[in-house]
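K.L.:
The structure file protein24.txt (compact mmCIF, C-alpha atoms and all ligand atoms) is provided below.
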```
# COMPACT_ATOMS: atom_id res chain seq x y z
CA MET P 161 24.98 11.57 -3.50
CA THR P 162 23.32 9.06 -1.20
CA ILE P 163 22.31 5.79 -2.85
CA VAL P 164 20.12 3.23 -1.07
CA LEU P 165 19.21 -0.32 -2.10
CA GLY P 166 15.60 -1.09 -1.18
CA ILE P 167 14.15 -4.57 -0.63
CA GLU P 168 10.45 -5.42 -0.31
CA SER P 169 8.83 -8.80 0.37
CA SER P 170 5.99 -8.26 2.84
CA CYS P 171 3.13 -9.55 0.70
CA ASP P 172 3.07 -10.99 -2.82
CA GLU P 173 5.56 -8.76 -4.64
CA THR P 174 9.29 -9.52 -4.53
CA ALA P 175 11.03 -6.25 -5.30
CA ALA P 176 14.40 -4.53 -5.29
CA ALA P 177 15.31 -0.97 -6.27
CA LEU P 178 18.16 1.53 -6.17
CA VAL P 179 17.19 5.12 -5.43
CA ASP P 180 19.35 8.21 -4.94
CA GLY P 181 18.95 11.37 -2.89
CA ASP P 182 17.86 13.29 -5.99
CA ARG P 183 14.71 11.15 -6.23
CA ARG P 184 16.11 9.17 -9.16
CA ILE P 185 15.14 5.52 -9.37
CA LEU P 186 18.40 4.17 -10.77
CA ALA P 187 17.00 0.67 -11.28
CA GLN P 188 14.09 -1.38 -10.07
CA ALA P 189 12.74 -4.87 -10.54
CA ILE P 190 9.56 -6.42 -9.30
CA ALA P 191 8.28 -9.99 -9.56
CA SER P 192 4.58 -10.38 -8.91
CA GLN P 193 3.21 -13.66 -7.56
CA GLU P 194 -0.30 -12.99 -8.83
CA ALA P 195 -0.32 -16.15 -10.97
CA GLU P 196 0.72 -18.39 -8.04
CA HIS P 197 -1.99 -17.06 -5.72
CA ALA P 198 -4.80 -16.59 -8.26
CA PRO P 199 -6.10 -20.19 -8.01
CA TYR P 200 -6.68 -19.65 -4.26
CA GLY P 201 -8.40 -16.27 -4.62
CA GLY P 202 -5.94 -14.62 -2.22
CA VAL P 203 -2.34 -14.62 -1.03
CA VAL P 204 -1.20 -17.94 0.50
CA PRO P 205 1.58 -17.09 3.01
CA GLU P 206 3.59 -20.30 2.56
CA ILE P 207 3.57 -20.01 -1.23
CA ALA P 208 4.55 -16.34 -0.93
CA ALA P 209 7.52 -17.05 1.34
CA ARG P 210 8.87 -19.75 -0.97
CA ALA P 211 8.48 -17.55 -4.05
CA HIS P 212 10.30 -14.66 -2.33
CA ALA P 213 13.11 -17.04 -1.37
CA THR P 214 13.73 -18.18 -4.95
CA ARG P 215 13.40 -14.75 -6.54
CA MET P 216 15.02 -12.30 -4.14
CA ALA P 217 18.73 -12.84 -4.85
CA PRO P 218 18.43 -12.74 -8.67
CA LEU P 219 16.31 -9.57 -8.43
CA ILE P 220 18.89 -7.79 -6.30
CA GLU P 221 21.64 -8.89 -8.66
CA LYS P 222 19.58 -7.59 -11.60
CA VAL P 223 19.10 -4.05 -10.23
CA LEU P 224 22.76 -3.71 -9.25
CA LYS P 225 23.79 -4.80 -12.76
CA GLU P 226 21.27 -2.48 -14.40
CA ALA P 227 22.51 0.52 -12.42
CA GLU P 228 26.11 -0.63 -12.94
CA LEU P 229 26.74 -0.40 -9.22
CA GLY P 230 28.46 -2.60 -6.68
CA LEU P 231 27.42 -2.85 -3.04
CA LYS P 232 30.48 -0.78 -2.14
CA GLU P 233 28.84 2.21 -3.86
CA VAL P 234 25.60 1.78 -1.93
CA ASP P 235 25.29 3.86 1.27
CA ALA P 236 22.70 1.67 2.97
CA ILE P 237 20.53 -1.40 2.45
CA ALA P 238 16.92 -0.75 3.40
CA ALA P 239 14.56 -3.69 3.80
CA THR P 240 10.96 -4.02 4.90
CA ALA P 241 11.08 -5.47 8.43
CA GLY P 242 7.28 -5.55 8.86
CA PRO P 243 4.35 -5.44 9.08
CA GLY P 244 3.43 -8.23 6.70
CA LEU P 245 3.37 -11.97 6.12
CA ILE P 246 6.21 -13.02 8.37
CA GLY P 247 7.79 -15.67 6.10
CA GLY P 248 8.14 -13.18 3.28
CA VAL P 249 9.37 -10.36 5.51
CA MET P 250 12.06 -12.68 6.90
CA VAL P 251 13.30 -13.56 3.40
CA GLY P 252 13.81 -9.87 2.53
CA LEU P 253 15.25 -8.85 5.88
CA VAL P 254 17.67 -11.79 6.07
CA SER P 255 18.82 -11.10 2.49
CA ALA P 256 19.49 -7.49 3.47
CA LYS P 257 21.36 -8.55 6.62
CA ALA P 258 23.57 -10.95 4.67
CA LEU P 259 24.44 -8.29 2.09
CA ALA P 260 25.01 -5.66 4.79
CA MET P 261 27.34 -7.97 6.68
CA ALA P 262 29.25 -9.13 3.62
CA SER P 263 29.78 -5.61 2.25
CA ASP P 264 30.00 -3.75 5.58
CA THR P 265 27.08 -1.53 4.56
CA PRO P 266 24.60 -0.09 7.09
CA LEU P 267 21.26 -1.89 7.43
CA LEU P 268 18.01 0.07 7.63
CA ALA P 269 14.98 -1.90 8.83
CA ILE P 270 12.01 -0.08 7.36
CA ASN P 271 8.38 -0.17 8.41
CA HIS P 272 6.46 -1.02 5.22
CA LEU P 273 3.78 1.53 6.16
CA GLU P 274 6.44 4.22 6.44
CA GLY P 275 7.45 3.33 2.88
CA HIS P 276 3.87 3.94 1.73
CA ALA P 277 3.61 7.10 3.85
CA LEU P 278 6.74 8.72 2.40
CA SER P 279 6.47 7.48 -1.21
CA PRO P 280 4.44 10.55 -2.30
CA ARG P 281 7.54 12.65 -1.55
CA LEU P 282 9.63 10.45 -3.84
CA ALA P 283 7.20 11.22 -6.64
CA ASP P 284 6.67 14.88 -5.80
CA ALA P 285 9.56 17.04 -4.54
CA SER P 286 7.20 19.89 -3.71
CA LEU P 287 5.13 17.86 -1.23
CA GLU P 288 5.87 19.27 2.23
CA PHE P 289 5.04 17.87 5.67
CA PRO P 290 2.46 17.71 7.14
CA TYR P 291 -0.02 16.00 4.83
CA ALA P 292 -3.08 13.82 5.28
CA LEU P 293 -2.63 10.33 3.88
CA LEU P 294 -5.28 7.77 3.07
CA LEU P 295 -3.50 4.45 2.72
CA VAL P 296 -5.79 1.89 1.11
CA SER P 297 -4.56 -1.47 -0.15
CA GLY P 298 -5.23 -5.18 0.22
CA GLY P 299 -3.59 -5.22 3.63
CA HIS P 300 -3.91 -1.68 4.96
CA CYS P 301 -6.67 0.83 5.48
CA GLN P 302 -5.51 3.81 7.49
CA ILE P 303 -5.65 7.57 7.71
CA LEU P 304 -2.42 9.19 8.83
CA ARG P 305 -1.18 12.70 9.43
CA VAL P 306 2.36 12.48 8.06
CA GLU P 307 4.23 15.12 10.05
CA GLY P 308 7.85 14.27 9.29
CA VAL P 309 10.25 11.35 9.05
CA GLY P 310 9.33 9.03 11.91
CA LYS P 311 6.45 11.28 12.93
CA TYR P 312 3.11 9.77 12.02
CA GLN P 313 -0.18 10.36 13.73
CA ARG P 314 -2.62 7.55 13.00
CA LEU P 315 -6.18 8.80 13.08
CA ALA P 316 -7.96 5.78 11.72
CA THR P 317 -7.61 2.13 10.92
CA THR P 318 -10.01 -0.65 9.97
CA ILE P 319 -11.70 -2.67 12.68
CA ASP P 320 -12.02 -5.66 10.31
CA ASP P 321 -11.15 -5.86 6.60
CA ALA P 322 -8.99 -3.51 4.56
CA LEU P 323 -10.76 -1.87 1.62
CA GLY P 324 -8.74 -3.78 -1.01
CA GLU P 325 -9.62 -6.98 0.82
CA ALA P 326 -13.32 -6.04 0.62
CA PHE P 327 -12.94 -5.41 -3.12
CA ASP P 328 -11.17 -8.78 -3.52
CA LYS P 329 -13.70 -10.75 -1.43
CA SER P 330 -16.68 -9.11 -3.16
CA ALA P 331 -15.11 -9.87 -6.54
CA LYS P 332 -14.72 -13.49 -5.52
CA ILE P 333 -18.42 -13.62 -4.53
CA LEU P 334 -19.33 -12.25 -7.97
CA GLY P 335 -17.10 -14.82 -9.66
CA LEU P 336 -14.55 -12.27 -10.89
CA GLY P 337 -10.81 -13.04 -10.89
CA TYR P 338 -8.10 -12.15 -8.39
CA PRO P 339 -7.05 -9.44 -7.65
CA GLY P 340 -10.64 -8.30 -7.65
CA GLY P 341 -10.29 -4.52 -7.40
CA PRO P 342 -9.68 -3.79 -11.09
CA ALA P 343 -12.37 -6.31 -12.17
CA MET P 344 -14.92 -4.75 -9.79
CA GLU P 345 -14.14 -1.26 -11.08
CA LYS P 346 -14.59 -2.41 -14.67
CA LEU P 347 -17.88 -4.20 -13.99
CA ALA P 348 -19.16 -1.23 -11.95
CA LEU P 349 -19.00 0.93 -15.09
CA GLU P 350 -21.90 -1.08 -16.52
CA GLY P 351 -24.05 -1.00 -13.39
CA ASP P 352 -26.36 1.31 -11.46
CA PRO P 353 -24.71 2.49 -8.19
CA GLU P 354 -28.12 2.96 -6.59
CA ALA P 355 -29.69 -0.34 -7.64
CA VAL P 356 -28.70 -2.42 -4.60
CA PRO P 357 -29.19 -1.08 -1.07
CA LEU P 358 -25.90 -1.76 0.76
CA PRO P 359 -24.78 -0.61 4.23
CA ARG P 360 -22.22 2.15 4.89
CA PRO P 361 -20.57 0.74 8.05
CA LEU P 362 -19.49 3.31 10.68
CA VAL P 363 -20.62 6.27 8.58
CA GLY P 364 -21.64 9.05 10.96
CA SER P 365 -19.52 7.81 13.87
CA GLY P 366 -17.28 10.40 15.53
CA GLU P 367 -14.02 8.43 15.23
CA PRO P 368 -12.88 8.09 11.61
CA HIS P 369 -12.30 4.30 11.67
CA PHE P 370 -13.28 1.95 8.84
CA SER P 371 -15.24 -1.28 8.71
CA PHE P 372 -15.91 -3.28 5.56
CA ALA P 373 -16.82 -6.80 6.72
CA GLY P 374 -20.53 -5.94 6.87
CA LEU P 375 -20.44 -4.48 3.39
CA LYS P 376 -18.90 -7.66 2.03
CA SER P 377 -21.54 -9.80 3.80
CA ALA P 378 -24.26 -7.62 2.28
CA VAL P 379 -22.72 -8.20 -1.16
CA LEU P 380 -22.89 -11.95 -0.48
CA ARG P 381 -26.59 -11.71 0.46
CA ALA P 382 -27.37 -9.57 -2.60
CA ALA P 383 -25.59 -12.06 -4.88
CA GLU P 384 -27.30 -15.09 -3.30
CA SER P 385 -30.75 -13.50 -3.57
CA GLY P 386 -30.53 -13.71 -7.36
CA GLU P 387 -32.45 -10.44 -7.58
CA HIS P 388 -29.64 -8.26 -8.86
CA LYS P 389 -27.37 -8.04 -11.88
CA PRO P 390 -23.69 -8.52 -10.92
CA ALA P 391 -22.88 -5.15 -12.53
CA ASP P 392 -25.42 -3.41 -10.28
CA ILE P 393 -23.92 -5.12 -7.22
CA ALA P 394 -20.41 -4.05 -8.26
CA ALA P 395 -21.49 -0.44 -8.90
CA SER P 396 -23.43 -0.26 -5.62
CA PHE P 397 -20.49 -1.75 -3.72
CA GLN P 398 -18.10 0.79 -5.20
CA GLN P 399 -20.50 3.63 -4.36
CA ALA P 400 -20.79 2.41 -0.77
CA ALA P 401 -16.98 2.30 -0.56
CA VAL P 402 -16.73 5.87 -1.88
CA ASP P 403 -19.36 7.08 0.61
CA CYS P 404 -17.52 5.41 3.52
CA ILE P 405 -14.17 6.88 2.49
CA LEU P 406 -15.55 10.40 2.07
CA ASP P 407 -17.34 10.37 5.42
CA ARG P 408 -14.37 8.90 7.29
CA MET P 409 -11.92 11.27 5.61
CA ARG P 410 -14.09 14.29 6.47
CA ILE P 411 -14.06 13.34 10.16
CA ALA P 412 -10.30 12.70 10.06
CA LEU P 413 -9.59 16.09 8.48
CA ARG P 414 -11.72 17.70 11.16
CA ASN P 415 -9.82 15.84 13.91
CA MET P 416 -6.28 16.46 12.67
CA GLY P 417 -4.21 19.61 12.69
CA PRO P 418 -3.66 21.68 9.54
CA VAL P 419 -2.18 19.91 6.51
CA ASN P 420 -0.80 20.97 3.13
CA ALA P 421 -2.28 18.26 1.00
CA LEU P 422 -4.52 15.22 0.79
CA VAL P 423 -2.64 12.20 -0.49
CA VAL P 424 -3.93 8.75 -1.39
CA ALA P 425 -1.63 5.71 -1.69
CA GLY P 426 -1.94 1.91 -1.83
CA GLY P 427 -3.31 -0.34 -4.56
CA VAL P 428 -6.91 0.86 -4.19
CA ALA P 429 -5.72 4.37 -5.14
CA ALA P 430 -5.88 3.03 -8.72
CA ASN P 431 -9.68 3.22 -8.52
CA LYS P 432 -10.88 6.17 -10.59
CA ALA P 433 -14.16 6.67 -8.73
CA ILE P 434 -12.33 6.79 -5.39
CA ARG P 435 -9.66 9.15 -6.75
CA ALA P 436 -12.25 11.51 -8.22
CA ALA P 437 -14.21 11.62 -4.96
CA LEU P 438 -11.06 12.36 -2.96
CA GLU P 439 -9.96 15.05 -5.37
CA GLU P 440 -13.30 16.76 -4.91
CA LEU P 441 -12.99 16.47 -1.14
CA ALA P 442 -9.52 18.04 -1.28
CA THR P 443 -10.83 20.94 -3.36
CA GLU P 444 -13.68 21.37 -0.88
CA HIS P 445 -11.08 21.74 1.91
CA GLY P 446 -8.74 23.97 -0.13
CA LEU P 447 -6.07 21.26 -0.16
CA ALA P 448 -3.78 20.10 -2.93
CA PHE P 449 -4.59 16.53 -3.99
CA THR P 450 -1.95 14.04 -5.03
CA ALA P 451 -1.50 10.34 -5.57
CA PRO P 452 1.85 8.78 -6.41
CA PRO P 453 1.99 7.15 -9.85
CA LEU P 454 0.58 3.63 -9.62
CA PRO P 455 3.89 1.71 -9.63
CA LEU P 456 4.85 3.71 -6.50
CA CYS P 457 1.37 3.33 -4.98
CA THR P 458 1.28 -0.45 -4.97
CA ASP P 459 3.91 -2.47 -3.10
CA ASN P 460 7.38 -1.70 -4.46
CA ALA P 461 10.98 -1.46 -3.31
CA ALA P 462 11.65 2.13 -4.44
CA MET P 463 9.46 3.39 -1.60
CA ILE P 464 11.47 1.31 0.89
CA ALA P 465 14.75 2.69 -0.49
CA TRP P 466 13.26 6.20 -0.35
CA ALA P 467 12.21 5.77 3.29
CA GLY P 468 15.86 4.86 3.93
CA ILE P 469 17.05 7.97 2.14
CA GLU P 470 14.65 10.13 4.14
CA ARG P 471 15.88 8.54 7.39
CA LEU P 472 19.53 9.19 6.52
CA ALA P 473 18.75 12.77 5.43
CA ALA P 474 17.00 13.36 8.75
CA GLY P 475 20.10 12.15 10.62
CA GLY P 476 18.63 8.76 11.56
CA SER P 477 20.90 5.84 12.32
CA ALA P 478 21.39 2.28 11.06
CA ASP P 479 19.84 -0.77 12.71
CA PRO P 480 21.71 -3.67 14.34
CA LEU P 481 22.03 -6.96 12.44
CA ASP P 482 19.99 -8.79 15.08
CA ILE P 483 16.85 -6.72 14.48
CA SER P 484 13.73 -8.90 14.19
CA ALA P 485 11.12 -9.16 11.46
CA ARG P 486 7.73 -8.10 12.81
CA PRO P 487 4.37 -9.42 11.54
CA ARG P 488 2.62 -6.52 13.30
CA TRP P 489 4.22 -3.11 13.60
CA PRO P 490 1.97 -0.09 13.93
CA LEU P 491 3.53 3.16 12.77
O1 LIG J 501 -0.86 -1.99 -2.56
P1 LIG J 501 -1.24 -3.30 -3.15
O2 LIG J 501 -0.64 -3.68 -4.45
O3 LIG J 501 -0.84 -4.46 -2.18
C1 LIG J 501 -1.14 -4.53 -0.83
O4 LIG J 501 -2.25 -5.04 -0.53
O5 LIG J 501 -0.32 -4.09 0.00
O6 LIG J 501 -2.83 -3.32 -3.22
C2 LIG J 501 -3.54 -4.38 -3.81
C3 LIG J 501 -5.00 -4.17 -3.55
C4 LIG J 501 -5.85 -5.37 -3.92
O7 LIG J 501 -6.76 -5.63 -2.89
C5 LIG J 501 -6.56 -4.91 -5.19
O8 LIG J 501 -7.81 -5.54 -5.40
C6 LIG J 501 -6.73 -3.44 -4.93
O9 LIG J 501 -5.50 -3.06 -4.31
N1 LIG J 501 -6.94 -2.68 -6.18
C7 LIG J 501 -8.07 -2.01 -6.47
C8 LIG J 501 -7.91 -1.51 -7.80
N2 LIG J 501 -6.67 -1.89 -8.25
C9 LIG J 501 -6.10 -2.61 -7.24
N3 LIG J 501 -9.18 -1.80 -5.77
C10 LIG J 501 -10.16 -1.09 -6.35
N4 LIG J 501 -10.10 -0.57 -7.61
C11 LIG J 501 -8.99 -0.77 -8.35
N5 LIG J 501 -8.92 -0.27 -9.60
ZN ZN J 502 1.62 -2.23 1.06
```
Please express what this file holds, its structure, as structure tokens.
P.N.:
Amino acid sequence: MTIVLGIESSCDETAAALVDGDRRILAQAIASQEAEHAPYGGVVPEIAARAHATRMAPLIEKVLKEAELGLKEVDAIAATAGPGLIGGVMVGLVSAKALAMASDTPLLAINHLEGHALSPRLADASLEFPYALLLVSGGHCQILRVEGVGKYQRLATTIDDALGEAFDKSAKILGLGYPGGPAMEKLALEGDPEAVPLPRPLVGSGEPHFSFAGLKSAVLRAAESGEHKPADIAASFQQAAVDCILDRMRIALRNMGPVNALVVAGGVAANKAIRAALEELATEHGLAFTAPPLPLCTDNAAMIAWAGIERLAAGGSADPLDISARPRWPL
């Protein structure tokens, strides 16, 4: 049975996990840096890199102990090599290189986005390629046709902010805490989604790309006008986000070849209004709808280990020890 150690450090979660070819997560540990970044209302790269550096080694030691495994029993070490905040990515990748060299274990440099793209198959053995994936988090906002291991067709990306970022920035404007997504969703429950007229950027355009900067600016204007209740602004913002996603996803489904399922992943997939809207869209198109359980949706190391397992199963090879960390790395 193949066993892969996964390492993730591209944003503000330090994580390690051991996963096997039977989709079992043998052990996993994750250290969030939310508390360190909260005072700044967003992730501070320098603080993130330092926190990864102090936490990574103990986390790896912890998962190996928990699974009662030594590195000799691990078939490969898979680490996020990008895209992400470069200081953090380097901490994880260099840790993986050191362990790979010391234990003579193959190194797999994984694209973080590939981890997100394949994680639904870790959660659901019946999910077959190809599927449509909406990846929405604080750092990413993309629509992909996932066709196989290493085969990703990107249909859409954001021309400015990611959706999670728009949630976080709007939350900050409304004086809610960080991360803002969950707080916005909660406040939206008490508001009227039609109370505040907000734009739906790019809705109606033929290419399925996203744009959220204008929506955030409109939230700022609405808040500064003093004419609206914060709950109404939150509810109207969330409704605008749902409308944008549905329109963009409809165009993407029209532009891509046939798929088996509609999948949503990334931290924003936690949002119930967005999930419900996507589920309805899937039904409309006769597609199965699935979202990985939340701990696999947000940044984690099990998805990186799983991407490694998928690569090995598909006959892919190891990476050289001099492979570079990449701040930008489109799939
Ligand atoms: O995947 P993730 O943990 O990290 C990356 O950004 O890669 O996603 C975090 C993002 C944050 O922007 C957060 O505000 C957003 O996901 N988020 C939500 C909700 N829960 C988390 N956005 C909207 N509604 C939510 N319930
Ligand atoms: Zn991510």
K.L.:
Counting only C-alpha atoms, write as an MDAnalysis selection string all protein and nucleic acid residues lying at most 9 Å from (-15.4, 4.9, 12.2) in the file's frame.
P.N.:
chainID P and resid 316:319 361:371 404 407:408 411
K.L.:
What are the nearest atom pairs, with distances in Å to one decimal, for all residues of chain P that come at most 9 Å from ligand LIG 501 (chain J), using all atoms listed in the file, set out by chain and rising residue number as a Markdown table?
P.N.:
```
| residue | atom | partner | partner_atom | distance |
| --- | --- | --- | --- | --- |
| P:Ser170 | CA | J:LIG501 | O5 | 8.1 |
| P:Cys171 | CA | J:LIG501 | O5 | 6.5 |
| P:Asp172 | CA | J:LIG501 | O3 | 7.6 |
| P:Glu173 | CA | J:LIG501 | O2 | 8.0 |
| P:Gly244 | CA | J:LIG501 | O5 | 8.7 |
| P:His276 | CA | J:LIG501 | O1 | 8.7 |
| P:Leu295 | CA | J:LIG501 | O1 | 8.7 |
| P:Val296 | CA | J:LIG501 | O1 | 7.3 |
| P:Ser297 | CA | J:LIG501 | O6 | 4.0 |
| P:Gly298 | CA | J:LIG501 | O4 | 3.1 |
| P:Gly299 | CA | J:LIG501 | O4 | 4.4 |
| P:His300 | CA | J:LIG501 | O5 | 6.6 |
| P:Ala322 | CA | J:LIG501 | O7 | 8.1 |
| P:Leu323 | CA | J:LIG501 | O7 | 7.1 |
| P:Gly324 | CA | J:LIG501 | O7 | 3.3 |
| P:Glu325 | CA | J:LIG501 | O7 | 4.9 |
| P:Ala326 | CA | J:LIG501 | O7 | 7.5 |
| P:Phe327 | CA | J:LIG501 | O8 | 5.6 |
| P:Asp328 | CA | J:LIG501 | O8 | 5.0 |
| P:Lys329 | CA | J:LIG501 | O7 | 8.7 |
| P:Ala331 | CA | J:LIG501 | O8 | 8.6 |
| P:Tyr338 | CA | J:LIG501 | O8 | 7.3 |
| P:Pro339 | CA | J:LIG501 | O8 | 4.6 |
| P:Gly340 | CA | J:LIG501 | O8 | 4.5 |
| P:Gly341 | CA | J:LIG501 | O8 | 3.3 |
| P:Pro342 | CA | J:LIG501 | N5 | 3.9 |
| P:Ala343 | CA | J:LIG501 | N5 | 7.4 |
| P:Met344 | CA | J:LIG501 | N4 | 6.7 |
| P:Glu345 | CA | J:LIG501 | N4 | 5.4 |
| P:Lys346 | CA | J:LIG501 | N5 | 7.9 |
| P:Gln398 | CA | J:LIG501 | C10 | 8.2 |
| P:Ala425 | CA | J:LIG501 | O1 | 7.8 |
| P:Gly426 | CA | J:LIG501 | O1 | 4.1 |
| P:Gly427 | CA | J:LIG501 | O6 | 3.3 |
| P:Val428 | CA | J:LIG501 | N3 | 3.8 |
| P:Ala429 | CA | J:LIG501 | C8 | 6.8 |
| P:Ala430 | CA | J:LIG501 | N5 | 4.6 |
| P:Asn431 | CA | J:LIG501 | N5 | 3.7 |
| P:Lys432 | CA | J:LIG501 | N5 | 6.8 |
| P:Ala433 | CA | J:LIG501 | N4 | 8.4 |
| P:Ile434 | CA | J:LIG501 | N4 | 8.0 |
| P:Pro455 | CA | J:LIG501 | O2 | 8.7 |
| P:Leu456 | CA | J:LIG501 | O1 | 9.0 |
| P:Cys457 | CA | J:LIG501 | O1 | 6.3 |
| P:Thr458 | CA | J:LIG501 | O1 | 3.6 |
| P:Asp459 | CA | J:LIG501 | O1 | 4.8 |
| P:Asn460 | CA | J:LIG501 | O2 | 8.3 |
```
K.L.:
Can you check which parts of segment 228-270 of chain P lie within 10 Å of segment 468-474 of chain P? Per residue, the shortest pair of atoms and distance in Å to one decimal, counting only C-alpha atoms, sorted by chain and number, as a tab-separated table.
P.N.:
```
residue	atom	partner	partner_atom	distance
P:Asp235	CA	P:Ile469	CA	9.2
P:Ala236	CA	P:Gly468	CA	7.6
P:Ile237	CA	P:Gly468	CA	7.9
P:Ala238	CA	P:Gly468	CA	5.7
P:Ala239	CA	P:Gly468	CA	8.6
P:Leu267	CA	P:Gly468	CA	9.3
P:Leu268	CA	P:Gly468	CA	6.4
P:Ala269	CA	P:Gly468	CA	8.4
P:Ile270	CA	P:Gly468	CA	7.1
```
K.L.:
So, with all atoms listed in the file as the atoms that count, which of P:Ile185, P:Met463, P:Val204, P:Ala217 lies closest to ligand ZN 502 (chain J)?
P.N.:
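Ranked by minimum distance to ligand ZN 502 (chain J), first place goes to P:Met463.
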K.L.:
Here is a test: counting all atoms listed in the file, which residue of P:Pro290, P:Gly417, P:Pro266, P:Pro243 is nearest to ligand ZN 502 (chain J)?
P.N.:
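Using all atoms listed in the file, the shortest distance to ligand ZN 502 (chain J) belongs to P:Pro243.
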K.L.:
Between P:Asp264, P:Ser377, P:Ala442, P:Gly386, which one has atoms that come closest to Leu231 of chain P, using all atoms listed in the file?
P.N.:
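Checking each of P:Asp264, P:Ser377, P:Ala442, P:Gly386 against Leu231 of chain P, counting all atoms listed in the file, the winner is P:Asp264.
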K.L.:
Suppose you want the space between atom CA of Arg414 of chain P and atom CA of Ala451 of chain P; what is it in Å?
P.N.:
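Separation between atom CA of Arg414 of chain P and atom CA of Ala451 of chain P: 20.9 Å.
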K.L.:
Could you check how far atom CA of Ala437 of chain P sits from atom CA of Gln302 of chain P, in Å to one decimal?
P.N.:
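Going from atom CA of Ala437 of chain P over to atom CA of Gln302 of chain P, I get 17.1 Å.
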K.L.:
Determine, counting only C-alpha atoms, which protein, DNA and RNA residues have an atom within 10 Å of an atom of Ala378 of chain P; residues of the same chain fewer than 2 positions away are not included. Present the result as a PyMOL selection string.
P.N.:
chain P and resi 330+356-359+372-376+380-384+393+397
K.L.:
For the selection just defined, write its residues with C-alpha atoms to a file, as a PDB file, in the coordinates of the input.
P.N.:
```pdb
ATOM      1  CA  SER P 330     -16.680  -9.110  -3.160  1.00  0.00           C
ATOM      2  CA  VAL P 356     -28.700  -2.420  -4.600  1.00  0.00           C
ATOM      3  CA  PRO P 357     -29.190  -1.080  -1.070  1.00  0.00           C
ATOM      4  CA  LEU P 358     -25.900  -1.760   0.760  1.00  0.00           C
ATOM      5  CA  PRO P 359     -24.780  -0.610   4.230  1.00  0.00           C
ATOM      6  CA  PHE P 372     -15.910  -3.280   5.560  1.00  0.00           C
ATOM      7  CA  ALA P 373     -16.820  -6.800   6.720  1.00  0.00           C
ATOM      8  CA  GLY P 374     -20.530  -5.940   6.870  1.00  0.00           C
ATOM      9  CA  LEU P 375     -20.440  -4.480   3.390  1.00  0.00           C
ATOM     10  CA  LYS P 376     -18.900  -7.660   2.030  1.00  0.00           C
ATOM     11  CA  LEU P 380     -22.890 -11.950  -0.480  1.00  0.00           C
ATOM     12  CA  ARG P 381     -26.590 -11.710   0.460  1.00  0.00           C
ATOM     13  CA  ALA P 382     -27.370  -9.570  -2.600  1.00  0.00           C
ATOM     14  CA  ALA P 383     -25.590 -12.060  -4.880  1.00  0.00           C
ATOM     15  CA  GLU P 384     -27.300 -15.090  -3.300  1.00  0.00           C
ATOM     16  CA  ILE P 393     -23.920  -5.120  -7.220  1.00  0.00           C
ATOM     17  CA  PHE P 397     -20.490  -1.750  -3.720  1.00  0.00           C
TER      18      PHE P 397
END
```
K.L.:
If you measure from atom CA of Thr443 of chain P to atom CA of Ala355 of chain P, what distance in Å do you get, rounded to one decimal?
P.N.:
28.8 Å
K.L.:
Which of these, P:Gly275, P:Pro490, P:Gly248, P:Pro453, has the shortest distance to ligand ZN 502 (chain J) once you count only C-alpha atoms and all ligand atoms?
P.N.:
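Using only C-alpha atoms and all ligand atoms, the shortest distance to ligand ZN 502 (chain J) belongs to P:Gly275.
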K.L.:
Go through P:Asn420, P:Ser169, P:Thr240, P:Ser484 and flag the residue nearest Arg305 of chain P, using all atoms listed in the file for the distances.
P.N.:
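The shortest atom-to-atom distance to Arg305 of chain P comes from P:Asn420.
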